[in-house]
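See below for structure-v8.tsv, which holds TSV, C-alpha atoms.
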chain	number	residue	atom	x	y	z
B	872	MET	CA	0.00	0.00	0.00
B	873	SER	CA	1.36	3.40	-0.97
B	874	ASN	CA	0.04	5.04	2.20
B	875	GLN	CA	1.53	2.46	4.55
B	876	ILE	CA	3.52	3.84	7.47
B	877	ARG	CA	6.98	2.34	7.81
B	878	TRP	CA	8.99	2.26	11.03
B	879	ALA	CA	12.61	1.21	11.45
B	880	ASN	CA	14.92	1.29	14.45
B	881	ALA	CA	18.52	0.37	15.09
B	882	LEU	CA	20.52	0.34	18.31
B	883	SER	CA	24.31	0.53	18.42
B	884	THR	CA	26.51	-0.12	21.44
B	885	ARG	CA	29.77	0.76	19.73
B	886	PRO	CA	31.96	3.00	21.92
B	887	SER	CA	32.98	5.21	18.99
B	888	LEU	CA	30.36	7.87	18.19
B	889	GLU	CA	31.27	7.84	14.49
B	890	ALA	CA	30.94	4.05	14.33
B	891	ALA	CA	27.65	4.10	16.25
B	892	ILE	CA	26.17	6.71	13.89
B	893	GLU	CA	27.34	4.77	10.85
B	894	GLU	CA	25.73	1.58	12.16
B	895	VAL	CA	22.32	3.00	13.10
B	896	VAL	CA	21.95	5.04	9.90
B	897	GLU	CA	22.93	2.12	7.68
B	898	ARG	CA	20.62	-0.34	9.43
B	899	THR	CA	17.59	1.94	9.65
B	900	GLU	CA	17.83	3.10	6.02
B	901	GLN	CA	18.24	-0.48	4.85
B	902	SER	CA	15.21	-1.58	6.88
B	903	LEU	CA	13.00	1.41	6.02
B	904	GLN	CA	13.36	1.14	2.24
B	905	ALA	CA	11.55	4.46	1.84
B	906	SER	CA	12.07	8.18	2.40
B	907	ALA	CA	12.18	9.17	6.06
B	908	ASP	CA	9.79	11.90	7.23
B	909	LEU	CA	10.73	11.86	10.92
B	910	GLY	CA	13.67	10.75	13.00
B	911	LEU	CA	13.73	10.00	16.75
B	912	LEU	CA	17.16	9.83	18.35
B	913	PHE	CA	18.26	8.79	21.85
B	914	ILE	CA	21.86	8.86	23.04
B	915	SER	CA	23.22	7.52	26.33
B	916	SER	CA	25.04	9.70	28.83
B	917	ALA	CA	28.19	7.68	28.23
B	918	PHE	CA	28.58	9.98	25.19
B	919	ALA	CA	27.97	13.18	27.23
B	920	SER	CA	31.28	14.75	26.29
B	921	GLU	CA	30.43	14.26	22.60
B	922	TYR	CA	26.85	15.56	22.48
B	923	THR	CA	27.91	18.65	20.51
B	924	ARG	CA	29.48	16.43	17.84
B	925	LEU	CA	26.38	14.29	17.36
B	926	MET	CA	24.26	16.54	15.16
B	927	PRO	CA	27.01	17.57	12.67
B	928	LEU	CA	28.11	13.94	12.31
B	929	LEU	CA	24.56	12.72	11.88
B	930	GLN	CA	23.74	15.39	9.31
B	931	GLU	CA	26.64	14.18	7.16
B	932	ARG	CA	25.06	10.73	6.97
B	933	LEU	CA	21.32	11.39	7.18
B	934	SER	CA	19.10	13.69	5.12
B	935	ILE	CA	15.87	14.33	6.99
B	936	LYS	CA	13.94	17.53	7.76
B	937	ALA	CA	12.25	16.57	11.03
B	938	LEU	CA	14.33	15.13	13.86
B	939	ILE	CA	13.88	15.22	17.63
B	940	GLY	CA	15.55	13.39	20.49
B	941	CYS	CA	17.39	13.68	23.77
B	942	SER	CA	19.97	12.21	26.09
B	943	GLY	CA	19.27	9.47	28.59
B	944	SER	CA	21.08	7.56	31.29
B	945	GLY	CA	20.11	4.55	29.18
B	946	VAL	CA	18.56	3.97	25.77
B	947	VAL	CA	16.27	1.37	24.24
B	948	GLY	CA	16.31	-0.05	20.74
B	949	MET	CA	16.49	-3.08	18.49
B	950	SER	CA	19.68	-5.11	18.29
B	951	ARG	CA	20.98	-6.37	14.98
B	952	TYR	CA	19.39	-9.70	15.91
B	953	GLY	CA	15.91	-8.19	16.07
B	954	GLU	CA	15.63	-8.20	19.85
B	955	ALA	CA	14.62	-5.30	22.09
B	956	GLN	CA	17.53	-4.20	24.25
B	957	GLU	CA	17.87	-1.75	27.14
B	958	VAL	CA	21.37	-0.30	27.32
B	959	GLU	CA	22.20	1.09	30.77
B	960	GLY	CA	25.50	2.50	32.00
B	961	GLN	CA	27.35	2.07	28.71
B	962	PRO	CA	27.50	3.68	25.25
B	963	GLY	CA	24.26	3.40	23.33
B	964	LEU	CA	22.69	5.17	20.35
B	965	SER	CA	19.14	4.45	19.20
B	966	LEU	CA	17.76	5.84	15.94
B	967	THR	CA	14.21	5.46	14.65
B	968	LEU	CA	13.21	6.52	11.14
B	969	LEU	CA	9.56	6.84	10.15
B	970	HIS	CA	8.03	6.99	6.68
B	971	LEU	CA	4.75	8.84	7.26
B	972	PRO	CA	2.61	9.20	4.13
B	973	GLU	CA	-0.48	11.38	4.57
B	974	VAL	CA	0.83	12.58	7.96
B	975	LYS	CA	1.67	16.20	8.73
B	976	VAL	CA	4.87	16.41	10.78
B	977	GLN	CA	5.43	19.62	12.78
B	978	THR	CA	8.44	19.87	15.10
B	979	PHE	CA	8.72	22.57	17.76
B	980	ASN	CA	11.22	23.92	20.27
B	981	LEU	CA	9.84	25.74	23.32
B	982	LEU	CA	12.02	27.90	25.58
B	983	PRO	CA	10.92	28.34	29.21
B	984	GLU	CA	10.55	32.10	28.91
B	985	ASN	CA	8.17	31.73	25.95
B	986	LEU	CA	5.64	29.48	27.66
B	987	PRO	CA	2.24	31.14	28.17
B	988	ASP	CA	0.78	31.38	31.65
B	989	LEU	CA	-2.22	29.26	32.55
B	990	ASP	CA	-4.56	32.25	32.25
B	991	SER	CA	-3.80	32.47	28.53
B	992	SER	CA	-6.37	31.40	25.96
B	993	PRO	CA	-6.04	28.11	24.06
B	994	ASP	CA	-5.20	30.15	20.94
B	995	THR	CA	-2.00	31.35	22.61
B	996	TRP	CA	-0.83	27.76	22.97
B	997	VAL	CA	-1.97	26.88	19.44
B	998	ASN	CA	0.00	29.80	17.98
B	999	LEU	CA	3.07	28.71	19.96
B	1000	ILE	CA	2.95	25.14	18.65
B	1001	GLY	CA	1.81	26.08	15.15
B	1002	VAL	CA	-0.72	23.27	14.74
B	1003	SER	CA	-4.51	23.58	14.61
B	1004	PRO	CA	-6.52	21.43	17.06
B	1005	GLU	CA	-8.86	20.66	14.16
B	1006	THR	CA	-6.15	18.46	12.64
B	1007	ARG	CA	-6.34	16.22	15.74
B	1008	PRO	CA	-2.57	16.16	16.40
B	1009	GLN	CA	-0.76	13.69	18.64
B	1010	PHE	CA	2.40	14.72	20.45
B	1011	ILE	CA	5.80	13.29	21.36
B	1012	ILE	CA	7.57	15.57	23.86
B	1013	PHE	CA	11.02	15.69	25.47
B	1014	SER	CA	11.95	18.28	28.12
B	1015	ASP	CA	14.94	19.12	30.23
B	1016	PRO	CA	14.58	17.86	33.83
B	1017	PHE	CA	15.30	21.31	35.26
B	1018	LEU	CA	12.21	22.85	33.63
B	1019	SER	CA	10.15	24.06	36.58
B	1020	GLY	CA	7.06	24.66	34.45
B	1021	ILE	CA	6.68	21.16	32.99
B	1022	ASN	CA	3.32	20.59	34.71
B	1023	ASP	CA	2.07	23.94	33.44
B	1024	LEU	CA	3.22	22.97	29.96
B	1025	LEU	CA	1.30	19.70	30.03
B	1026	GLU	CA	-1.78	21.40	31.46
B	1027	GLY	CA	-1.59	24.08	28.77
B	1028	LEU	CA	-1.31	21.52	25.98
B	1029	ASP	CA	-4.28	19.62	27.40
B	1030	TYR	CA	-6.20	22.89	27.48
B	1031	ALA	CA	-5.40	23.73	23.86
B	1032	TYR	CA	-5.56	20.19	22.47
B	1033	PRO	CA	-8.13	18.27	24.57
B	1034	GLY	CA	-8.21	14.56	23.85
B	1035	ALA	CA	-4.87	14.59	22.02
B	1036	ILE	CA	-2.31	11.98	23.06
B	1037	LYS	CA	0.82	13.46	24.59
B	1038	LEU	CA	3.70	11.22	25.65
B	1039	GLY	CA	7.43	11.42	26.19
B	1040	GLY	CA	9.83	12.08	29.02
B	1041	LEU	CA	12.41	14.28	30.71
B	1042	ALA	CA	15.98	13.90	29.50
B	1043	SER	CA	18.38	12.22	31.92
B	1044	GLY	CA	22.02	11.42	32.37
B	1045	GLY	CA	23.40	14.17	34.56
B	1046	ASN	CA	22.80	16.40	37.56
B	1047	ILE	CA	23.71	19.62	35.77
B	1048	ARG	CA	22.21	21.16	32.65
B	1049	GLY	CA	25.47	20.81	30.71
B	1050	ASN	CA	25.18	17.02	30.84
B	1051	ILE	CA	21.65	17.08	29.38
B	1052	ALA	CA	20.90	17.43	25.68
B	1053	LEU	CA	17.77	17.95	23.61
B	1054	PHE	CA	17.83	17.74	19.82
B	1055	CYS	CA	15.54	19.34	17.27
B	1056	ASN	CA	16.24	19.40	13.53
B	1057	TYR	CA	20.02	18.97	13.88
B	1058	GLU	CA	20.31	21.61	16.60
B	1059	ILE	CA	21.29	20.91	20.22
B	1060	HIS	CA	19.49	22.57	23.14
B	1061	ARG	CA	20.29	22.48	26.85
B	1062	GLU	CA	16.94	23.70	28.18
B	1063	GLY	CA	13.26	23.86	27.36
B	1064	THR	CA	11.21	21.36	25.40
B	1065	VAL	CA	11.41	19.79	21.97
B	1066	GLY	CA	8.59	17.88	20.37
B	1067	VAL	CA	6.67	16.85	17.31
B	1068	ALA	CA	2.98	17.01	16.44
B	1069	LEU	CA	1.69	14.28	14.13
B	1070	SER	CA	-1.62	14.78	12.32
B	1071	GLY	CA	-3.43	12.66	9.75
B	1072	ASN	CA	-2.97	9.02	8.82
B	1073	ILE	CA	-1.63	7.84	12.17
B	1074	ILE	CA	-2.85	6.64	15.57
B	1075	LEU	CA	-0.82	6.80	18.78
B	1076	GLU	CA	-2.09	4.77	21.72
B	1077	THR	CA	-0.58	4.62	25.18
B	1078	ILE	CA	0.07	2.19	27.99
B	1079	VAL	CA	1.00	3.87	31.28
B	1080	ALA	CA	2.38	1.31	33.75
B	1081	GLN	CA	2.91	3.09	37.06
B	1082	GLY	CA	4.40	0.04	38.76
B	1083	CYS	CA	2.09	-0.20	41.76
B	1084	ARG	CA	-0.56	-2.54	43.12
B	1085	PRO	CA	-3.52	-1.31	45.17
B	1086	ILE	CA	-4.11	-2.31	48.78
B	1087	GLY	CA	-7.21	-1.86	50.90
B	1088	GLU	CA	-10.41	-0.08	49.99
B	1089	THR	CA	-11.20	3.08	48.08
B	1090	TYR	CA	-11.72	6.18	50.23
B	1091	ARG	CA	-13.26	9.58	49.56
B	1092	VAL	CA	-11.62	12.80	50.69
B	1093	THR	CA	-14.08	14.70	52.86
B	1094	GLN	CA	-11.64	17.34	54.05
B	1095	GLY	CA	-8.49	18.46	52.25
B	1096	GLU	CA	-6.43	21.58	51.68
B	1097	ARG	CA	-3.76	22.01	49.01
B	1098	ASN	CA	-1.88	18.69	49.21
B	1099	ILE	CA	-3.01	17.82	52.75
B	1100	VAL	CA	-5.65	15.14	53.32
B	1101	LEU	CA	-7.43	15.84	56.61
B	1102	GLU	CA	-10.40	13.43	56.59
B	1103	LEU	CA	-11.26	10.27	54.67
B	1104	GLU	CA	-14.57	8.51	54.31
B	1105	GLU	CA	-14.70	4.75	53.92
B	1106	GLN	CA	-16.94	3.28	51.27
B	1107	SER	CA	-19.72	1.07	52.63
B	1108	SER	CA	-22.09	-1.31	50.86
B	1109	ASN	CA	-24.30	1.71	50.20
B	1110	GLY	CA	-21.46	3.71	48.71
B	1111	PHE	CA	-20.21	7.00	50.12
B	1112	GLY	CA	-22.11	9.61	52.06
B	1113	ASN	CA	-22.46	7.73	55.32
B	1114	ASP	CA	-20.72	10.32	57.48
B	1115	ASN	CA	-18.08	7.89	58.72
B	1116	SER	CA	-15.07	10.13	58.10
B	1117	ARG	CA	-11.84	9.54	60.00
B	1118	PRO	CA	-8.35	11.04	59.99
B	1119	PRO	CA	-6.34	9.41	57.18
B	1120	LEU	CA	-3.53	8.35	59.51
B	1121	GLU	CA	-6.04	6.37	61.55
B	1122	VAL	CA	-7.38	4.77	58.37
B	1123	LEU	CA	-3.86	3.95	57.26
B	1124	ARG	CA	-2.91	2.34	60.57
B	1125	ASP	CA	-5.92	0.03	60.39
B	1126	LEU	CA	-5.08	-0.82	56.79
B	1127	LEU	CA	-1.47	-1.70	57.61
B	1128	GLN	CA	-2.53	-3.98	60.44
B	1129	GLY	CA	-4.44	-6.11	57.96
B	1130	LEU	CA	-1.48	-6.58	55.62
B	1131	SER	CA	0.93	-9.47	55.53
B	1132	ASP	CA	4.26	-9.12	57.30
B	1133	THR	CA	5.98	-8.73	53.90
B	1134	ASP	CA	3.65	-5.95	52.77
B	1135	ARG	CA	3.89	-4.15	56.10
B	1136	LEU	CA	7.67	-4.13	55.74
B	1137	LEU	CA	7.36	-2.92	52.15
B	1138	ALA	CA	4.99	-0.14	53.21
B	1139	GLN	CA	7.71	1.42	55.37
B	1140	ASN	CA	9.52	2.65	52.25
B	1141	SER	CA	7.27	1.99	49.26
B	1142	LEU	CA	3.81	3.26	50.17
B	1143	PHE	CA	2.08	5.54	47.66
B	1144	VAL	CA	-1.29	7.18	47.21
B	1145	GLY	CA	-3.42	6.73	44.09
B	1146	VAL	CA	-5.76	9.59	43.20
B	1147	ALA	CA	-8.71	8.70	40.94
B	1148	ARG	CA	-8.78	10.95	37.87
B	1149	ASP	CA	-12.26	10.13	36.55
B	1150	GLU	CA	-14.81	11.69	38.88
B	1151	PHE	CA	-17.75	10.04	37.11
B	1152	LYS	CA	-16.52	6.46	36.80
B	1153	GLN	CA	-18.39	4.33	39.31
B	1154	GLU	CA	-16.27	1.16	39.29
B	1155	LEU	CA	-12.62	2.12	39.49
B	1156	GLN	CA	-10.11	-0.35	38.05
B	1157	HIS	CA	-6.40	-0.89	38.41
B	1158	GLY	CA	-4.81	1.89	36.36
B	1159	ASP	CA	-7.54	4.46	36.99
B	1160	PHE	CA	-5.46	6.06	39.75
B	1161	LEU	CA	-2.67	8.59	39.32
B	1162	ILE	CA	0.11	7.42	41.62
B	1163	ARG	CA	1.64	10.10	43.83
B	1164	ASN	CA	4.21	10.11	46.65
B	1165	LEU	CA	3.19	10.02	50.28
B	1166	LEU	CA	5.25	12.98	51.48
B	1167	GLY	CA	4.64	12.91	55.22
B	1168	VAL	CA	2.24	12.57	58.13
B	1169	ASP	CA	1.06	14.78	60.96
B	1170	PRO	CA	0.52	12.47	63.96
B	1171	LYS	CA	-1.18	15.18	65.99
B	1172	ALA	CA	-3.82	16.02	63.36
B	1173	GLY	CA	-3.86	12.54	61.80
B	1174	ALA	CA	-3.32	14.12	58.39
B	1175	ILE	CA	-1.16	12.99	55.47
B	1176	ALA	CA	0.58	15.03	52.77
B	1177	ILE	CA	0.78	13.73	49.20
B	1178	GLY	CA	2.53	14.88	46.04
B	1179	ASP	CA	-0.56	16.34	44.42
B	1180	ARG	CA	-3.36	18.78	45.14
B	1181	VAL	CA	-6.47	17.25	46.68
B	1182	ARG	CA	-10.04	18.46	47.11
B	1183	PRO	CA	-13.13	17.12	48.86
B	1184	GLY	CA	-14.94	14.49	46.82
B	1185	GLN	CA	-11.84	12.93	45.27
B	1186	ARG	CA	-11.34	9.20	45.71
B	1187	ILE	CA	-8.00	7.76	46.73
B	1188	LYS	CA	-6.49	4.35	47.27
B	1189	PHE	CA	-3.21	3.34	48.88
B	1190	HIS	CA	-0.67	1.45	46.75
B	1191	LEU	CA	2.57	-0.49	47.19
B	1192	ARG	CA	5.47	-0.61	44.75
B	1193	ASP	CA	8.25	-3.16	44.27
B	1194	ALA	CA	9.68	-5.24	41.42
B	1195	GLU	CA	6.90	-7.81	41.58
B	1196	ALA	CA	4.21	-5.14	41.67
B	1197	SER	CA	5.83	-3.34	38.72
B	1198	ALA	CA	5.95	-6.54	36.68
B	1199	ASP	CA	2.35	-7.45	37.50
B	1200	ASP	CA	1.15	-3.94	36.75
B	1201	LEU	CA	2.82	-3.85	33.32
B	1202	GLU	CA	1.52	-7.29	32.39
B	1203	MET	CA	-2.00	-6.36	33.44
B	1204	MET	CA	-1.91	-3.16	31.37
B	1205	LEU	CA	-0.60	-5.03	28.32
B	1206	LYS	CA	-3.34	-7.65	28.58
B	1207	ARG	CA	-5.99	-4.95	28.93
B	1208	TYR	CA	-4.63	-3.14	25.88
B	1209	LEU	CA	-4.89	-6.28	23.76
B	1210	GLN	CA	-8.42	-6.96	25.00
B	1211	GLN	CA	-9.50	-3.46	24.01
B	1212	THR	CA	-7.74	-3.39	20.63
B	1213	PRO	CA	-9.18	-4.95	17.45
B	1214	ALA	CA	-7.45	-8.19	16.50
B	1215	ASP	CA	-6.49	-6.86	13.06
B	1216	ALA	CA	-5.02	-3.61	14.44
B	1217	ASP	CA	-1.34	-4.46	14.12
B	1218	ALA	CA	1.23	-2.20	15.76
B	1219	ILE	CA	3.71	-0.68	13.33
B	1220	GLY	CA	6.21	0.48	15.92
B	1221	ALA	CA	6.42	1.53	19.55
B	1222	LEU	CA	8.16	3.91	21.95
B	1223	MET	CA	9.21	3.19	25.54
B	1224	PHE	CA	9.88	5.92	28.08
B	1225	SER	CA	10.92	4.30	31.34
B	1226	CYS	CA	12.00	5.75	34.68
B	1227	VAL	CA	15.68	5.59	35.60
B	1228	GLY	CA	14.46	3.85	38.77
B	1229	ARG	CA	13.26	0.85	36.80
B	1230	GLY	CA	15.44	-1.26	34.53
B	1231	GLU	CA	18.06	-3.61	35.89
B	1232	GLY	CA	18.24	-1.75	39.20
B	1233	LEU	CA	14.64	-2.64	39.96
B	1234	TYR	CA	14.29	-6.08	38.42
B	1235	GLY	CA	17.80	-7.44	38.94
B	1236	ARG	CA	18.14	-8.35	35.27
B	1237	PRO	CA	18.28	-6.41	32.01
B	1238	ASN	CA	15.60	-5.81	29.37
B	1239	PHE	CA	12.65	-6.70	31.61
B	1240	ASP	CA	10.05	-4.13	30.53
B	1241	SER	CA	11.02	-4.19	26.85
B	1242	GLN	CA	10.95	-7.98	26.63
B	1243	MET	CA	7.57	-8.18	28.36
B	1244	PHE	CA	6.20	-5.56	25.99
B	1245	ARG	CA	7.40	-7.49	22.95
B	1246	ARG	CA	5.92	-10.69	24.37
B	1247	TYR	CA	2.46	-9.14	24.02
B	1248	ILE	CA	2.97	-6.57	21.22
B	1249	LYS	CA	4.84	-8.71	18.75
B	1250	ASN	CA	6.86	-7.61	15.72
B	1251	ALA	CA	6.75	-3.90	16.57
B	1252	PRO	CA	10.21	-2.26	16.61
B	1253	LEU	CA	10.72	-0.63	20.01
B	1254	SER	CA	12.84	2.38	20.92
B	1255	GLY	CA	13.13	4.94	23.72
B	1256	PHE	CA	15.17	5.97	26.73
B	1257	PHE	CA	15.34	6.05	30.53
B	1258	CYS	CA	13.79	9.27	31.83
B	1259	ASN	CA	13.98	11.62	34.80
B	1260	GLY	CA	10.19	11.75	34.61
B	1261	GLU	CA	7.73	10.14	32.23
B	1262	ILE	CA	4.94	11.90	30.34
B	1263	GLY	CA	1.69	10.10	29.65
B	1264	PRO	CA	-2.10	10.25	30.11
B	1265	VAL	CA	-4.21	8.95	32.99
B	1266	GLY	CA	-7.97	9.44	32.98
B	1267	GLY	CA	-7.93	11.72	29.94
B	1268	SER	CA	-5.34	14.20	31.24
B	1269	THR	CA	-1.57	14.28	30.79
B	1270	PHE	CA	0.77	14.01	33.78
B	1271	LEU	CA	4.41	13.79	34.72
B	1272	HIS	CA	5.05	10.44	36.39
B	1273	GLY	CA	7.81	8.73	38.34
B	1274	TYR	CA	8.86	5.06	38.47
B	1275	THR	CA	6.68	4.52	35.40
B	1276	SER	CA	7.03	3.00	31.95
B	1277	VAL	CA	5.03	4.83	29.29
B	1278	PHE	CA	4.60	3.07	25.96
B	1279	GLY	CA	3.40	4.71	22.77
B	1280	ILE	CA	2.04	2.30	20.17
B	1281	CYS	CA	1.75	3.42	16.54
B	1282	ARG	CA	-1.03	2.13	14.31
B	1283	GLN	CA	-2.83	3.30	11.19
B	1284	PRO	CA	-6.54	4.19	11.07

Show the structure stored in the file as structure tokens.
Amino acid sequence: MSNQIRWANALSTRPSLEAAIEEVVERTEQSLQASADLGLLFISSAFASEYTRLMPLLQERLSIKALIGCSGSGVVGMSRYGEAQEVEGQPGLSLTLLHLPEVKVQTFNLLPENLPDLDSSPDTWVNLIGVSPETRPQFIIFSDPFLSGINDLLEGLDYAYPGAIKLGGLASGGNIRGNIALFCNYEIHREGTVGVALSGNIILETIVAQGCRPIGETYRVTQGERNIVLELEEQSSNGFGNDNSRPPLEVLRDLLQGLSDTDRLLAQNSLFVGVARDEFKQELQHGDFLIRNLLGVDPKAGAIAIGDRVRPGQRIKFHLRDAEASADDLEMMLKRYLQQTPADADAIGALMFSCVGRGEGLYGRPNFDSQMFRRYIKNAPLSGFFCNGEIGPVGGSTFLHGYTSVFGICRQP
């Protein structure tokens, strides 16, 4: 078919930047067998001292108008043997080339000082990006981890482009801005955001695996201020509204007493709070909660502080996180995706944006998330990087996550 999207990726682990570029360009062009309309590039922090050389060297070998990418403490791609590989702590270069017939490709580079404030109209954001919402764009976004306004950026994009998929991550690989790199159309940037809007003959779908499993019941916030939960109401057989509110610390103590010894031990360091994002969904499922940190407790007031704003009426659920929970969560999300996707809707390619806290450090062995993904989503080339924060949707809105793997799956309408 002349309008068929093509997707090719190659990963190189050669320690020489020139040799790595030569390998990934040669393999992707040979696999693509068509003109490339978009390139996605991820380079590991092992090459940090050579970031400035990357774009000139790549431009000598690759002719493409639209290119975005960033640095990562690790990168993900396809080995020459056709296997997904996560490269951590060593040189790695991952290049994806896409042939996108009947797709409008619009790259953008946003500097922090140019971002509108949240009181601005949607048109202000649309003019900044340069893409009409009527074209139903879908976004891939990479930002520097020192960008203080990342949440405002995501909220603004949701405001201007409601319902549009937005996924990506924060660059990683260093504790100072000089060790971080963003790439847009053969230029290197040390701050801000780079991205691409894709409109037309393409579908991007997401899997957001937050790596947690729920414990206990669902509770409703009856009193809360900013990020402080003051009172929680337990759900009874008749639902909420039974005026049985209690301080959350009291609720939590009762919950912990009912856990196994292993889970009680885990809760000492790996207890999180899930905040339901869909106010109208009656039966909440695993994955309907946005996972946020439990920041602290006030024993005197019985209150808890979480890493998100809360308001009365919101539903929350406590969660635990460890390697087993992360594996189970990802597998559950993959199974649900397949159940909800038509059998003939084959994936053309996929992106993986995984937290630096996952990978081999979490699971004790390499390639865990990527291999599980490929077990369920077969034959789709996979690429990505390890992030300082992952961008993906939960409950129809886009959020910055932690300890998460966000997958973007490309299909055609």

Measuring between only C-alpha atoms, which one of B:Arg924, B:His1272, B:Arg877, B:Arg932 shows the shortest distance to Glu897 (chain B)?
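With only C-alpha atoms as the atom set, the closest residue is B:Arg932.
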
Point-to-point distance from CA of Arg1246 (chain B) to CA of Ala1221 (chain B), Å rounded to tenths
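Computed distance, CA of Arg1246 (chain B) to CA of Ala1221 (chain B), equals 13.1 Å.
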
I need the residue nearest Phe1224 (chain B) from this list: B:Cys941, B:Ile1000, B:Ile1047, B:Val1265. Use all atoms listed in the file for the distance.
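So, comparing all the options, the nearest one is B:Cys941.
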
Which of these residues is nearest to Ile1262 (chain B), using all atoms listed in the file: B:Glu1062, B:Asp994, B:Glu893, B:Glu1026?
B:Glu1026

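If you measure from each of B:Gly1049, B:Gly953, B:Gly1071, B:Gly1044 to Phe913 (chain B) using only C-alpha atoms, the closest one turns out to be B:Gly1044.
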
Output requested as a CSV table (one decimal), in the frame of the given file - region 1162-1173 of chain B, filled out with N, CA and C atoms.
chain,number,residue,atom,x,y,z
B,1162,ILE,N,-0.7,7.8,40.5
B,1162,ILE,CA,0.1,7.4,41.6
B,1162,ILE,C,1.0,8.6,42.0
B,1163,ARG,N,0.9,9.0,43.3
B,1163,ARG,CA,1.6,10.1,43.8
B,1163,ARG,C,2.3,9.7,45.1
B,1164,ASN,N,3.4,10.4,45.4
B,1164,ASN,CA,4.2,10.1,46.6
B,1164,ASN,C,3.4,10.5,47.9
B,1165,LEU,N,3.6,9.7,48.9
B,1165,LEU,CA,3.2,10.0,50.3
B,1165,LEU,C,4.3,10.8,50.9
B,1166,LEU,N,4.1,12.1,51.1
B,1166,LEU,CA,5.2,13.0,51.5
B,1166,LEU,C,5.5,13.0,53.0
B,1167,GLY,N,4.5,12.8,53.8
B,1167,GLY,CA,4.6,12.9,55.2
B,1167,GLY,C,3.3,12.8,56.0
B,1168,VAL,N,3.4,12.7,57.3
B,1168,VAL,CA,2.2,12.6,58.1
B,1168,VAL,C,2.3,13.6,59.3
B,1169,ASP,N,1.2,13.9,59.8
B,1169,ASP,CA,1.1,14.8,61.0
B,1169,ASP,C,0.4,14.0,62.0
B,1170,PRO,N,1.1,13.3,62.9
B,1170,PRO,CA,0.5,12.5,64.0
B,1170,PRO,C,-0.5,13.2,64.8
B,1171,LYS,N,-0.3,14.5,65.1
B,1171,LYS,CA,-1.2,15.2,66.0
B,1171,LYS,C,-2.5,15.4,65.3
B,1172,ALA,N,-2.6,15.8,64.1
B,1172,ALA,CA,-3.8,16.0,63.4
B,1172,ALA,C,-4.3,14.8,62.7
B,1173,GLY,N,-3.5,13.7,62.5
B,1173,GLY,CA,-3.9,12.5,61.8
B,1173,GLY,C,-3.9,12.7,60.3
